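Have a look at protein.txt; it's compact mmCIF, C-alpha atoms and all ligand atoms:
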# COMPACT_ATOMS: atom_id res chain seq x y z
CA MET C 230 -24.78 23.40 -7.33
CA ASN C 231 -23.01 26.02 -5.17
CA PRO C 232 -19.97 27.79 -6.71
CA GLU C 233 -17.40 25.78 -4.73
CA ALA C 234 -18.96 22.45 -5.79
CA GLN C 235 -19.20 23.75 -9.35
CA LYS C 236 -15.46 24.52 -9.35
CA ILE C 237 -14.57 21.04 -8.03
CA TYR C 238 -16.95 19.49 -10.55
CA GLU C 239 -15.32 21.33 -13.45
CA GLU C 240 -11.80 20.39 -12.33
CA MET C 241 -12.84 16.75 -12.03
CA LYS C 242 -14.62 16.86 -15.37
CA GLU C 243 -11.40 17.94 -17.03
CA LYS C 244 -9.32 15.20 -15.40
CA LEU C 245 -11.82 12.36 -15.10
CA GLY C 246 -14.45 13.15 -17.74
CA LYS C 247 -13.47 10.12 -19.84
CA ILE C 248 -13.44 7.74 -16.86
CA VAL C 249 -16.27 8.76 -14.51
CA PRO C 250 -19.83 9.66 -15.61
CA ASP C 251 -21.12 13.21 -14.97
CA VAL C 252 -23.78 12.11 -12.56
CA GLU C 253 -21.15 10.73 -10.16
CA LEU C 254 -18.87 13.73 -10.58
CA ALA C 255 -21.71 16.10 -9.63
CA LEU C 256 -22.72 14.09 -6.56
CA LYS C 257 -19.14 13.68 -5.33
CA ALA C 258 -18.31 17.36 -5.89
CA GLU C 259 -20.96 18.24 -3.26
CA ILE C 260 -19.45 15.73 -0.82
CA ALA C 261 -15.94 17.09 -1.50
CA VAL C 262 -17.17 20.54 -0.43
CA GLU C 263 -18.50 19.12 2.86
CA ILE C 264 -15.20 17.28 3.44
CA ASN C 265 -13.13 20.40 2.76
CA GLN C 266 -15.22 22.39 5.26
CA LEU C 267 -14.92 19.72 7.95
CA LYS C 268 -11.21 19.42 7.23
CA GLN C 269 -10.72 23.10 8.01
CA GLU C 270 -12.99 23.09 11.07
CA ARG C 271 -11.14 20.11 12.54
CA ASN C 272 -7.61 21.16 11.51
CA ALA C 273 -7.22 17.87 9.67
CA VAL C 274 -4.94 16.49 6.98
CA ILE C 275 -6.11 13.77 4.57
CA MET C 276 -3.71 11.09 3.31
CA GLY C 277 -4.75 9.25 0.15
CA HIS C 278 -3.07 6.00 -0.89
CA ASN C 279 -2.52 5.46 -4.62
CA TYR C 280 -5.25 2.78 -4.57
CA MET C 281 -8.09 5.20 -3.77
CA GLU C 282 -10.84 5.37 -6.37
CA PRO C 283 -10.36 8.17 -8.96
CA VAL C 284 -12.84 10.75 -7.63
CA LEU C 285 -11.64 10.51 -4.04
CA PHE C 286 -7.99 10.39 -5.15
CA ASN C 287 -8.35 13.52 -7.26
CA THR C 288 -10.31 15.70 -4.83
CA ILE C 289 -9.78 15.49 -1.07
CA PRO C 290 -6.26 14.20 -0.18
CA ASP C 291 -3.64 16.72 0.91
CA TYR C 292 -0.99 14.08 0.29
CA LYS C 293 -1.11 11.17 -2.13
CA GLY C 294 1.40 8.39 -2.53
CA ASP C 295 2.68 4.93 -1.58
CA SER C 296 3.05 3.55 1.94
CA LEU C 297 6.52 4.99 2.48
CA ASP C 298 5.58 8.44 1.23
CA LEU C 299 2.49 8.66 3.39
CA SER C 300 4.37 7.42 6.49
CA ARG C 301 6.87 10.22 6.02
CA LYS C 302 4.13 12.82 5.65
CA ALA C 303 2.27 11.46 8.68
CA ALA C 304 5.43 11.69 10.76
CA THR C 305 5.84 15.40 10.17
CA THR C 306 2.33 16.87 9.91
CA ASP C 307 1.45 19.59 12.38
CA LYS C 308 -2.32 19.18 11.89
CA GLU C 309 -4.33 17.91 14.87
CA LEU C 310 -6.10 15.14 13.00
CA ILE C 311 -4.89 12.66 10.37
CA VAL C 312 -7.61 11.01 8.25
CA PHE C 313 -6.09 8.02 6.50
CA CYS C 314 -7.74 7.02 3.22
CA GLY C 315 -6.01 3.66 3.04
CA VAL C 316 -6.09 0.53 5.20
CA ARG C 317 -5.66 -0.09 8.93
CA PHE C 318 -1.92 -0.90 8.95
CA MET C 319 -1.25 2.43 7.21
CA ALA C 320 -3.34 4.40 9.72
CA GLU C 321 -1.59 2.53 12.54
CA THR C 322 1.81 3.47 11.10
CA ALA C 323 0.72 7.13 11.18
CA LYS C 324 -0.23 6.76 14.86
CA ILE C 325 3.06 5.00 15.65
CA LEU C 326 5.02 7.88 14.11
CA ASN C 327 2.91 10.78 15.36
CA PRO C 328 1.21 9.65 18.59
CA SER C 329 0.00 13.04 19.79
CA LYS C 330 -2.35 13.29 16.78
CA THR C 331 -5.77 11.69 16.46
CA VAL C 332 -5.71 9.25 13.53
CA LEU C 333 -8.96 8.21 11.84
CA LEU C 334 -9.60 5.32 9.44
CA PRO C 335 -12.88 5.95 7.56
CA ALA C 336 -13.82 2.24 7.28
CA GLU C 337 -13.38 0.26 10.48
CA LYS C 338 -12.86 -3.09 8.74
CA ALA C 339 -10.40 -2.00 6.03
CA GLY C 340 -7.73 -4.64 6.75
CA CYS C 341 -5.13 -6.46 4.62
CA SER C 342 -4.55 -10.18 4.00
CA LEU C 343 -0.81 -9.73 4.56
CA ALA C 344 -1.31 -8.05 7.93
CA GLU C 345 -3.70 -10.87 8.94
CA SER C 346 -1.18 -13.55 7.97
CA ILE C 347 1.12 -13.22 10.97
CA THR C 348 0.86 -12.54 14.72
CA ALA C 349 3.34 -11.17 17.24
CA GLU C 350 3.42 -14.67 18.76
CA ASP C 351 4.52 -16.09 15.37
CA VAL C 352 7.41 -13.60 15.26
CA ARG C 353 8.45 -14.43 18.83
CA ALA C 354 8.47 -18.14 17.91
CA LEU C 355 10.68 -17.45 14.87
CA LYS C 356 13.10 -15.38 16.95
CA LYS C 357 13.32 -18.22 19.46
CA LYS C 358 13.99 -20.71 16.68
CA TYR C 359 16.58 -18.48 14.96
CA PRO C 360 18.20 -16.51 17.79
CA GLY C 361 20.27 -13.48 16.88
CA ILE C 362 19.01 -13.24 13.28
CA PRO C 363 17.60 -9.77 12.51
CA VAL C 364 13.92 -9.47 11.60
CA VAL C 365 12.74 -7.27 8.72
CA THR C 366 8.98 -6.76 8.61
CA TYR C 367 6.97 -5.37 5.72
CA VAL C 368 4.89 -2.35 6.79
CA ASN C 369 1.77 -4.32 5.77
CA THR C 370 1.59 -5.71 9.33
CA TYR C 371 -0.04 -4.62 12.59
CA ALA C 372 1.74 -2.66 15.32
CA ASP C 373 2.37 -5.64 17.63
CA VAL C 374 4.19 -7.48 14.80
CA LYS C 375 6.25 -4.39 13.98
CA ALA C 376 7.10 -4.16 17.68
CA GLU C 377 8.78 -7.59 17.51
CA SER C 378 10.91 -6.54 14.52
CA ASP C 379 14.30 -4.88 14.16
CA ILE C 380 13.34 -2.82 11.15
CA CYS C 381 10.42 -2.34 8.75
CA CYS C 382 10.46 -2.01 4.97
CA THR C 383 8.04 -1.12 2.20
CA SER C 384 7.95 -2.40 -1.37
CA SER C 385 10.06 0.59 -2.42
CA ASN C 386 12.99 -0.05 -0.08
CA ALA C 387 12.88 -3.78 0.80
CA ALA C 388 16.21 -4.76 -0.82
CA ALA C 389 17.97 -1.66 0.56
CA VAL C 390 16.70 -2.43 4.07
CA VAL C 391 17.92 -6.05 3.86
CA ASP C 392 21.33 -4.88 2.60
CA SER C 393 21.56 -2.23 5.34
CA LEU C 394 21.64 -4.94 8.02
CA ASN C 395 25.00 -6.38 6.84
CA SER C 396 23.90 -9.74 8.20
CA ASP C 397 24.57 -13.14 6.58
CA THR C 398 20.99 -14.20 7.30
CA VAL C 399 17.80 -12.15 7.67
CA ILE C 400 14.24 -13.10 8.64
CA PHE C 401 11.90 -11.37 6.16
CA LEU C 402 8.17 -11.27 7.05
CA PRO C 403 5.37 -11.89 6.17
CA ASP C 404 5.01 -11.69 2.35
CA GLN C 405 6.19 -14.89 0.66
CA TYR C 406 6.28 -13.27 -2.77
CA LEU C 407 7.91 -9.97 -1.79
CA ALA C 408 10.57 -11.99 0.07
CA SER C 409 11.15 -14.21 -2.98
CA ASN C 410 11.41 -11.16 -5.23
CA VAL C 411 13.91 -9.53 -2.85
CA ALA C 412 15.87 -12.82 -2.81
CA ASN C 413 15.98 -12.79 -6.63
CA GLU C 414 16.95 -9.11 -6.75
CA THR C 415 19.76 -9.49 -4.22
CA GLY C 416 20.89 -12.98 -5.28
CA LYS C 417 20.09 -14.50 -1.89
CA HIS C 418 18.93 -18.04 -1.14
CA ILE C 419 15.56 -18.12 0.65
CA ILE C 420 13.72 -20.81 2.62
CA PHE C 421 10.17 -20.89 4.01
CA PRO C 422 10.21 -23.01 7.18
CA SER C 423 6.50 -22.34 7.76
CA LEU C 424 5.75 -23.93 4.37
CA ASN C 425 8.45 -26.57 4.19
CA PRO C 426 9.83 -27.69 7.56
CA VAL C 427 12.14 -30.26 5.91
CA GLU C 428 14.18 -27.58 4.16
CA ASP C 429 14.72 -26.08 7.56
CA GLN C 430 17.59 -28.40 8.52
CA ASN C 431 20.62 -26.56 7.25
CA LEU C 432 20.98 -22.81 7.54
CA LEU C 433 24.54 -22.73 6.21
CA ASP C 434 23.82 -21.27 2.77
CA VAL C 435 20.50 -19.61 3.62
CA GLN C 436 20.37 -15.82 3.56
CA LEU C 437 16.64 -15.13 3.87
CA ILE C 438 14.03 -16.87 6.01
CA GLY C 439 10.50 -16.09 4.83
CA TRP C 440 6.87 -16.58 5.90
CA HIS C 441 3.77 -17.71 3.98
CA GLY C 442 1.70 -14.48 3.92
CA ARG C 443 0.27 -13.35 0.58
CA CYS C 444 -1.63 -10.40 -0.79
CA GLU C 445 -5.05 -11.70 -1.78
CA VAL C 446 -5.02 -9.36 -4.80
CA HIS C 447 -1.53 -9.72 -6.26
CA GLU C 448 -1.33 -13.49 -5.76
CA LYS C 449 -4.15 -13.89 -8.30
CA PHE C 450 -2.29 -12.49 -11.32
CA THR C 451 -0.71 -15.21 -13.47
CA VAL C 452 1.95 -15.56 -16.16
CA GLU C 453 -0.88 -16.75 -18.41
CA ASP C 454 -2.67 -13.39 -17.91
CA ILE C 455 0.46 -11.58 -19.12
CA ARG C 456 1.00 -13.97 -22.03
CA SER C 457 -2.57 -13.57 -23.18
CA VAL C 458 -2.51 -9.74 -22.97
CA ARG C 459 0.81 -9.61 -24.85
CA GLU C 460 -0.61 -11.85 -27.57
CA GLN C 461 -3.54 -9.47 -28.06
CA PHE C 462 -1.50 -6.24 -27.61
CA PRO C 463 2.12 -6.92 -28.63
CA ASP C 464 3.21 -3.31 -27.86
CA VAL C 465 2.01 -3.35 -24.25
CA LEU C 466 4.38 -2.55 -21.35
CA VAL C 467 3.54 -4.70 -18.32
CA LEU C 468 4.16 -3.41 -14.79
CA THR C 469 3.81 -5.47 -11.61
CA HIS C 470 3.85 -4.85 -7.88
CA PRO C 471 6.46 -7.01 -6.05
CA GLU C 472 3.64 -8.64 -4.04
CA CYS C 473 3.01 -10.64 -7.27
CA SER C 474 4.64 -14.07 -7.60
CA PRO C 475 8.29 -14.13 -8.77
CA GLU C 476 7.16 -15.81 -12.02
CA VAL C 477 4.73 -12.96 -12.73
CA VAL C 478 7.34 -10.33 -11.81
CA GLN C 479 9.86 -11.99 -14.13
CA ALA C 480 7.34 -12.08 -16.98
CA SER C 481 6.72 -8.34 -16.62
CA ASP C 482 8.76 -5.41 -17.97
CA PHE C 483 8.99 -3.48 -14.70
CA SER C 484 8.24 -4.15 -11.03
CA GLY C 485 8.08 -1.61 -8.22
CA SER C 486 6.05 0.05 -5.50
CA THR C 487 2.86 1.87 -6.43
CA ASN C 488 4.78 5.17 -6.69
CA ALA C 489 7.53 3.55 -8.78
CA MET C 490 4.97 2.14 -11.23
CA ILE C 491 3.24 5.53 -11.58
CA LYS C 492 6.60 7.20 -12.28
CA HIS C 493 7.60 4.49 -14.75
CA VAL C 494 4.46 5.02 -16.85
CA GLN C 495 5.00 8.80 -16.78
CA GLU C 496 8.56 8.43 -17.99
CA SER C 497 8.03 5.70 -20.61
CA SER C 498 7.07 6.21 -24.20
CA ALA C 499 5.19 2.93 -24.81
CA PRO C 500 1.71 3.41 -26.30
CA LYS C 501 -0.05 0.88 -24.02
CA TYR C 502 0.32 -0.19 -20.38
CA LEU C 503 -0.98 -2.99 -18.18
CA VAL C 504 -0.49 -2.36 -14.46
CA LEU C 505 -0.99 -5.53 -12.42
CA THR C 506 -2.13 -4.12 -9.11
CA GLU C 507 -5.35 -2.75 -7.55
CA CYS C 508 -7.43 -1.61 -10.51
CA ALA C 509 -8.27 1.90 -9.23
CA MET C 510 -4.61 2.82 -9.62
CA GLY C 511 -4.87 2.05 -13.34
CA ASP C 512 -7.72 4.58 -13.52
CA ASN C 513 -5.66 7.16 -11.65
CA ILE C 514 -2.69 6.65 -13.98
CA ALA C 515 -5.02 6.89 -16.99
CA ALA C 516 -6.40 10.20 -15.68
CA ALA C 517 -2.88 11.61 -15.20
CA ASN C 518 -1.66 10.39 -18.62
CA PRO C 519 -4.52 11.06 -21.05
CA HIS C 520 -2.38 10.33 -24.13
CA LYS C 521 -1.35 6.87 -22.95
CA GLU C 522 -3.60 3.87 -23.21
CA MET C 523 -4.14 1.89 -20.00
CA LEU C 524 -5.37 -1.68 -20.41
CA ARG C 525 -7.47 -3.00 -17.55
CA LEU C 526 -7.45 -6.32 -15.72
CA CYS C 527 -9.99 -5.50 -13.05
CA MET C 528 -11.35 -8.93 -12.16
CA VAL C 529 -9.20 -8.75 -9.01
CA ARG C 530 -9.86 -5.90 -6.58
CA CYS C 531 -8.64 -5.10 -3.06
CA PRO C 532 -11.81 -5.39 -0.95
CA HIS C 533 -10.14 -3.43 1.86
CA MET C 534 -9.00 -0.39 -0.11
CA ASN C 535 -12.38 -0.36 -1.82
CA MET C 536 -14.13 0.12 1.52
CA ILE C 537 -12.87 3.71 1.71
CA THR C 538 -15.45 6.05 0.20
CA MET C 539 -15.98 9.82 0.10
CA GLU C 540 -19.14 9.36 2.20
CA ASP C 541 -17.27 7.43 4.91
CA THR C 542 -14.43 9.96 4.87
CA ARG C 543 -16.95 12.79 5.45
CA ASP C 544 -18.57 10.80 8.28
CA ALA C 545 -15.16 10.04 9.80
CA LEU C 546 -14.58 13.79 10.12
CA ARG C 547 -18.15 14.44 11.27
CA TYR C 548 -18.37 11.75 13.92
CA ASN C 549 -14.67 11.34 14.76
CA ARG C 550 -14.49 7.72 13.69
CA TYR C 551 -12.77 5.25 13.60
CA VAL C 552 -10.06 6.28 16.04
CA ILE C 553 -6.81 4.29 15.77
CA GLU C 554 -5.24 3.41 19.11
CA VAL C 555 -1.90 1.67 19.70
CA PRO C 556 -0.91 0.75 23.28
CA GLU C 557 2.10 2.89 24.23
CA GLU C 558 4.35 -0.05 25.14
CA ILE C 559 3.82 -1.58 21.67
CA ARG C 560 4.01 1.79 19.92
CA LEU C 561 7.43 2.60 21.36
CA LYS C 562 8.91 -0.67 20.08
CA ALA C 563 7.16 -0.42 16.71
CA PHE C 564 8.39 3.17 16.40
CA GLN C 565 12.01 1.98 16.53
CA ALA C 566 11.43 -0.41 13.61
CA VAL C 567 9.55 2.12 11.45
CA ASP C 568 11.89 5.00 12.28
CA ARG C 569 14.97 2.93 11.37
CA MET C 570 13.39 2.27 7.99
CA ILE C 571 12.53 5.92 7.40
CA LYS C 572 16.12 6.90 8.17
CA ILE C 573 17.34 4.51 5.45
CA GLY C 574 14.90 6.06 2.95
P1 LIG R 601 2.89 0.46 -1.76
O1 LIG R 601 3.77 0.55 -0.57
O2 LIG R 601 3.64 0.12 -3.00
O3 LIG R 601 2.04 1.68 -1.89
O4 LIG R 601 1.91 -0.79 -1.59
C1 LIG R 601 1.01 -0.94 -0.56
C2 LIG R 601 0.10 -2.07 -0.80
O5 LIG R 601 -0.73 -2.38 0.01
C3 LIG R 601 0.25 -2.81 -2.04
O6 LIG R 601 -0.74 -3.76 -2.15
FE1 LIG R 602 -3.23 -5.66 1.51
FE2 LIG R 602 -3.12 -6.60 -0.96
FE3 LIG R 602 -5.02 -4.88 -0.34
FE4 LIG R 602 -2.46 -4.06 -0.52
S1 LIG R 602 -3.76 -4.84 -2.17
S2 LIG R 602 -3.92 -3.56 1.11
S3 LIG R 602 -1.40 -5.89 0.27
S4 LIG R 602 -4.78 -6.95 0.52
Take the structure I supplied and represent it as structure tokens, if you would.
Amino acid sequence: MNPEAQKIYEEMKEKLGKIVPDVELALKAEIAVEINQLKQERNAVIMGHNYMEPVLFNTIPDYKGDSLDLSRKAATTDKELIVFCGVRFMAETAKILNPSKTVLLPAEKAGCSLAESITAEDVRALKKKYPGIPVVTYVNTYADVKAESDICCTSSNAAAVVDSLNSDTVIFLPDQYLASNVANETGKHIIFPSLNPVEDQNLLDVQLIGWHGRCEVHEKFTVEDIRSVREQFPDVLVLTHPECSPEVVQASDFSGSTNAMIKHVQESSAPKYLVLTECAMGDNIAAANPHKEMLRLCMVRCPHMNMITMEDTRDALRYNRYVIEVPEEIRLKAFQAVDRMIKIG
């Protein structure tokens, strides 16, 4: 092993030695060296979402964080190339905010069930049906859907964005569960016309109008999972992402964005934690908090986030793939919605 790979290997061994076997650490240290060289040659910055697997997460990203964090970093980087270790909607958001840069997504098909759940045509139809009502769109959507929206939000600022509109009624798309959790948090009455057209008759006491999109990962966690883990480990602290159902969120001890959950574990003194979200993040929290015990519920994984590997990230830099393009007319409109959100914080 060359000295640079040896150094990376030793750093990883210290952080991840209890989670990842040596054989993988050694192999990935060599790839990390190649990535670091290519990164310099190509004047690139690497963004790593909190869901990246532990070795990738702890070696190559220049910035790590949740969707909002990484959008902010993408907006201000002066590097020529942004390599996004996350999913397509995140890479697209980087392109929307910083169009003069080349943005690469290492796995072409890394999508998101929420982003797939709604089209720009769906949003236009809703706006026609409910004229004059502002549209808030979760960042887990594609650029053409963002372009039809007044403002975007992430899981860390959804309630603040809704409140910022000072509107009696708001259309909130496309995550059924995030919308329901925001409704609970802000005390608003929500309806889902796409699920229940009958309820759609009277808008008088309705404050949120939702859609039927769901995260294919978070929708699978159940109250029964939490009950069963608590029975076995009575001192466990349960954390959920707000893409989980309202029942699951209510049965947990804390709910927040990926960054908020990481911070909550760091600042809590409980001996054991169960984080109901993409499993790799549990590994990353375990690595950063060696004296806290992380319980695992890894039967549900995000197939999209899991497509991003060190090998594909190296090849993205080597072969300049997969380049994210957003038509300028759509980008300009989507920019307004994302930029308004970033200004709120
Ligand atoms: P965060 O914005 O909390 O990082 O979440 C993104 C995501 O895709 C959650 O499934
Ligand atoms: Fe999309 Fe869910 Fe995967 Fe997040 S975890 S990227 S919301 S499918």
Using all atoms listed in the file, what does the table of chain C residues within 9 Å of ligand LIG 602 (chain R) look like, with each row giving the shortest atom pair and its distance in Å to one decimal, sorted by chain and ascending number, as a Markdown table?
| residue | atom | partner | partner_atom | distance |
| --- | --- | --- | --- | --- |
| C:Tyr280 | CA | R:LIG602 | S1 | 8.1 |
| C:Gly315 | CA | R:LIG602 | S2 | 7.8 |
| C:Val316 | CA | R:LIG602 | S2 | 6.2 |
| C:Arg317 | CA | R:LIG602 | S2 | 8.7 |
| C:Phe318 | CA | R:LIG602 | S2 | 8.5 |
| C:Met319 | CA | R:LIG602 | S2 | 9.0 |
| C:Ala339 | CA | R:LIG602 | S2 | 8.3 |
| C:Gly340 | CA | R:LIG602 | S2 | 6.9 |
| C:Cys341 | CA | R:LIG602 | FE1 | 3.7 |
| C:Ser342 | CA | R:LIG602 | S4 | 4.8 |
| C:Leu343 | CA | R:LIG602 | FE1 | 5.6 |
| C:Ala344 | CA | R:LIG602 | FE1 | 7.1 |
| C:Asn369 | CA | R:LIG602 | S3 | 6.5 |
| C:Asp404 | CA | R:LIG602 | S3 | 8.9 |
| C:Arg443 | CA | R:LIG602 | S3 | 7.7 |
| C:Cys444 | CA | R:LIG602 | FE2 | 4.1 |
| C:Glu445 | CA | R:LIG602 | S4 | 5.3 |
| C:Val446 | CA | R:LIG602 | FE2 | 5.1 |
| C:His447 | CA | R:LIG602 | FE2 | 6.4 |
| C:Glu448 | CA | R:LIG602 | FE2 | 8.6 |
| C:Glu472 | CA | R:LIG602 | S3 | 7.2 |
| C:Thr506 | CA | R:LIG602 | S1 | 7.2 |
| C:Glu507 | CA | R:LIG602 | S1 | 6.0 |
| C:Arg530 | CA | R:LIG602 | S1 | 7.6 |
| C:Cys531 | CA | R:LIG602 | FE3 | 4.5 |
| C:Pro532 | CA | R:LIG602 | FE3 | 6.8 |
| C:His533 | CA | R:LIG602 | FE3 | 5.8 |
| C:Met534 | CA | R:LIG602 | FE3 | 6.0 |
| C:Asn535 | CA | R:LIG602 | FE3 | 8.8 |
Could you save those same residues with C-alpha atoms as a PDB file, keeping the file's coordinate frame?
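Just written: again32.pdb:
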ATOM      1  CA  TYR C 280      -5.250   2.780  -4.570  1.00  0.00           C
ATOM      2  CA  GLY C 315      -6.010   3.660   3.040  1.00  0.00           C
ATOM      3  CA  VAL C 316      -6.090   0.530   5.200  1.00  0.00           C
ATOM      4  CA  ARG C 317      -5.660  -0.090   8.930  1.00  0.00           C
ATOM      5  CA  PHE C 318      -1.920  -0.900   8.950  1.00  0.00           C
ATOM      6  CA  MET C 319      -1.250   2.430   7.210  1.00  0.00           C
ATOM      7  CA  ALA C 339     -10.400  -2.000   6.030  1.00  0.00           C
ATOM      8  CA  GLY C 340      -7.730  -4.640   6.750  1.00  0.00           C
ATOM      9  CA  CYS C 341      -5.130  -6.460   4.620  1.00  0.00           C
ATOM     10  CA  SER C 342      -4.550 -10.180   4.000  1.00  0.00           C
ATOM     11  CA  LEU C 343      -0.810  -9.730   4.560  1.00  0.00           C
ATOM     12  CA  ALA C 344      -1.310  -8.050   7.930  1.00  0.00           C
ATOM     13  CA  ASN C 369       1.770  -4.320   5.770  1.00  0.00           C
ATOM     14  CA  ASP C 404       5.010 -11.690   2.350  1.00  0.00           C
ATOM     15  CA  ARG C 443       0.270 -13.350   0.580  1.00  0.00           C
ATOM     16  CA  CYS C 444      -1.630 -10.400  -0.790  1.00  0.00           C
ATOM     17  CA  GLU C 445      -5.050 -11.700  -1.780  1.00  0.00           C
ATOM     18  CA  VAL C 446      -5.020  -9.360  -4.800  1.00  0.00           C
ATOM     19  CA  HIS C 447      -1.530  -9.720  -6.260  1.00  0.00           C
ATOM     20  CA  GLU C 448      -1.330 -13.490  -5.760  1.00  0.00           C
ATOM     21  CA  GLU C 472       3.640  -8.640  -4.040  1.00  0.00           C
ATOM     22  CA  THR C 506      -2.130  -4.120  -9.110  1.00  0.00           C
ATOM     23  CA  GLU C 507      -5.350  -2.750  -7.550  1.00  0.00           C
ATOM     24  CA  ARG C 530      -9.860  -5.900  -6.580  1.00  0.00           C
ATOM     25  CA  CYS C 531      -8.640  -5.100  -3.060  1.00  0.00           C
ATOM     26  CA  PRO C 532     -11.810  -5.390  -0.950  1.00  0.00           C
ATOM     27  CA  HIS C 533     -10.140  -3.430   1.860  1.00  0.00           C
ATOM     28  CA  MET C 534      -9.000  -0.390  -0.110  1.00  0.00           C
ATOM     29  CA  ASN C 535     -12.380  -0.360  -1.820  1.00  0.00           C
TER      30      ASN C 535
END
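In this comparison, which uses all atoms listed in the file, the residue of C:Ala509, C:Asp392, C:Ser409, C:Pro360 approaching ligand LIG 601 (chain R) most closely is C:Ala509.
Of the residues under consideration (C:Ala499, C:Val332, C:Leu433, C:Val494), C:Val494 shows the shortest atom-to-atom contact distance to C:Ile514 when counting only C-alpha atoms.
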Which residues form the shell of 7 Å around ligand LIG 601 (chain R) when you count all atoms listed in the file, given as a PyMOL selection string? chain C and resi 278-279+294-297+369+383-385+444+470+472+486-488
Please, what distance in Å, to one decimal, runs between atom CA of C:Asp568 and atom CA of C:Leu334? 21.7 Å
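One finds atom CA of C:Ala323 at 25.5 Å from atom CA of C:Val411.
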Could you tell me which of C:Asp397, C:Thr542, C:Lys572, C:Thr451 comes closest to C:Val478 if we count all atoms listed in the file? C:Thr451
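Going from atom CA of C:Lys521 to atom CA of C:Lys236 covers 26.4 Å.
Here the question is which of C:Val555, C:Val467, C:Glu540, C:Arg353 gets nearest to C:Ala258 using only C-alpha atoms, and that residue is C:Glu540.
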Determine, counting only C-alpha atoms, which protein, DNA and RNA residues have an atom within 12 Å of an atom of C:Ser497; residues of the same chain fewer than 3 positions away are not included. Present the result as JSON, numbers by chain. {"C": [465, 466, 467, 468, 482, 483, 490, 491, 492, 493, 494, 500, 501, 502, 518, 520, 521]}
Expected answer as a ChimeraX atom specification: all residues with atoms within 8 Å of (-13.3, 4.9, -1.8), only C-alpha atoms: /C:281-282,285,314,534-539
Name the residues in contact with C:Arg525 at a cut-off of 10 Å, using all atoms listed in the file, excluding same-chain residues fewer than 5 positions from it; report them as an MDAnalysis selection string. chainID C and resid 458 502:505 508:509 511:512
Can those selected residues be exported to a file as a compact mmCIF listing (two decimals), in the frame of the given file so that it contains C-alpha atoms?
# COMPACT_ATOMS: atom_id res chain seq x y z
CA VAL C 458 -2.51 -9.74 -22.97
CA TYR C 502 0.32 -0.19 -20.38
CA LEU C 503 -0.98 -2.99 -18.18
CA VAL C 504 -0.49 -2.36 -14.46
CA LEU C 505 -0.99 -5.53 -12.42
CA CYS C 508 -7.43 -1.61 -10.51
CA ALA C 509 -8.27 1.90 -9.23
CA GLY C 511 -4.87 2.05 -13.34
CA ASP C 512 -7.72 4.58 -13.52
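Closest approach to C:Asp351 among C:Ile419, C:Val365, C:Val374, C:Leu437 is made by C:Val374 (distances from all atoms listed in the file).
Minimum atom-to-atom distance to C:Val552, evaluated using all atoms listed in the file, belongs to C:Ala336 out of C:Ala336, C:Leu245, C:Leu299, C:Leu326.
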So that I can see what lies close to C:Glu270, please list as a PDB file with C-alpha atoms, keeping the file's coordinate frame the residues with an atom at most 12 Å from it, counting all atoms listed in the file and leaving out residues fewer than 3 positions away in the same chain.
ATOM      1  CA  GLU C 263     -18.500  19.120   2.860  1.00  0.00           C
ATOM      2  CA  ILE C 264     -15.200  17.280   3.440  1.00  0.00           C
ATOM      3  CA  ASN C 265     -13.130  20.400   2.760  1.00  0.00           C
ATOM      4  CA  GLN C 266     -15.220  22.390   5.260  1.00  0.00           C
ATOM      5  CA  LEU C 267     -14.920  19.720   7.950  1.00  0.00           C
ATOM      6  CA  ALA C 273      -7.220  17.870   9.670  1.00  0.00           C
ATOM      7  CA  VAL C 274      -4.940  16.490   6.980  1.00  0.00           C
ATOM      8  CA  LYS C 308      -2.320  19.180  11.890  1.00  0.00           C
ATOM      9  CA  GLU C 309      -4.330  17.910  14.870  1.00  0.00           C
ATOM     10  CA  LEU C 310      -6.100  15.140  13.000  1.00  0.00           C
ATOM     11  CA  LEU C 546     -14.580  13.790  10.120  1.00  0.00           C
ATOM     12  CA  ARG C 547     -18.150  14.440  11.270  1.00  0.00           C
TER      13      ARG C 547
END
Counting only C-alpha atoms, which residues come within 12 Å of (17.5, -5.7, 3.1), with the point read in the file's coordinates, and could you list them as number ranges by chain? C: 363-367, 379-402, 407-408, 410-412, 414-417, 436-437, 570, 573
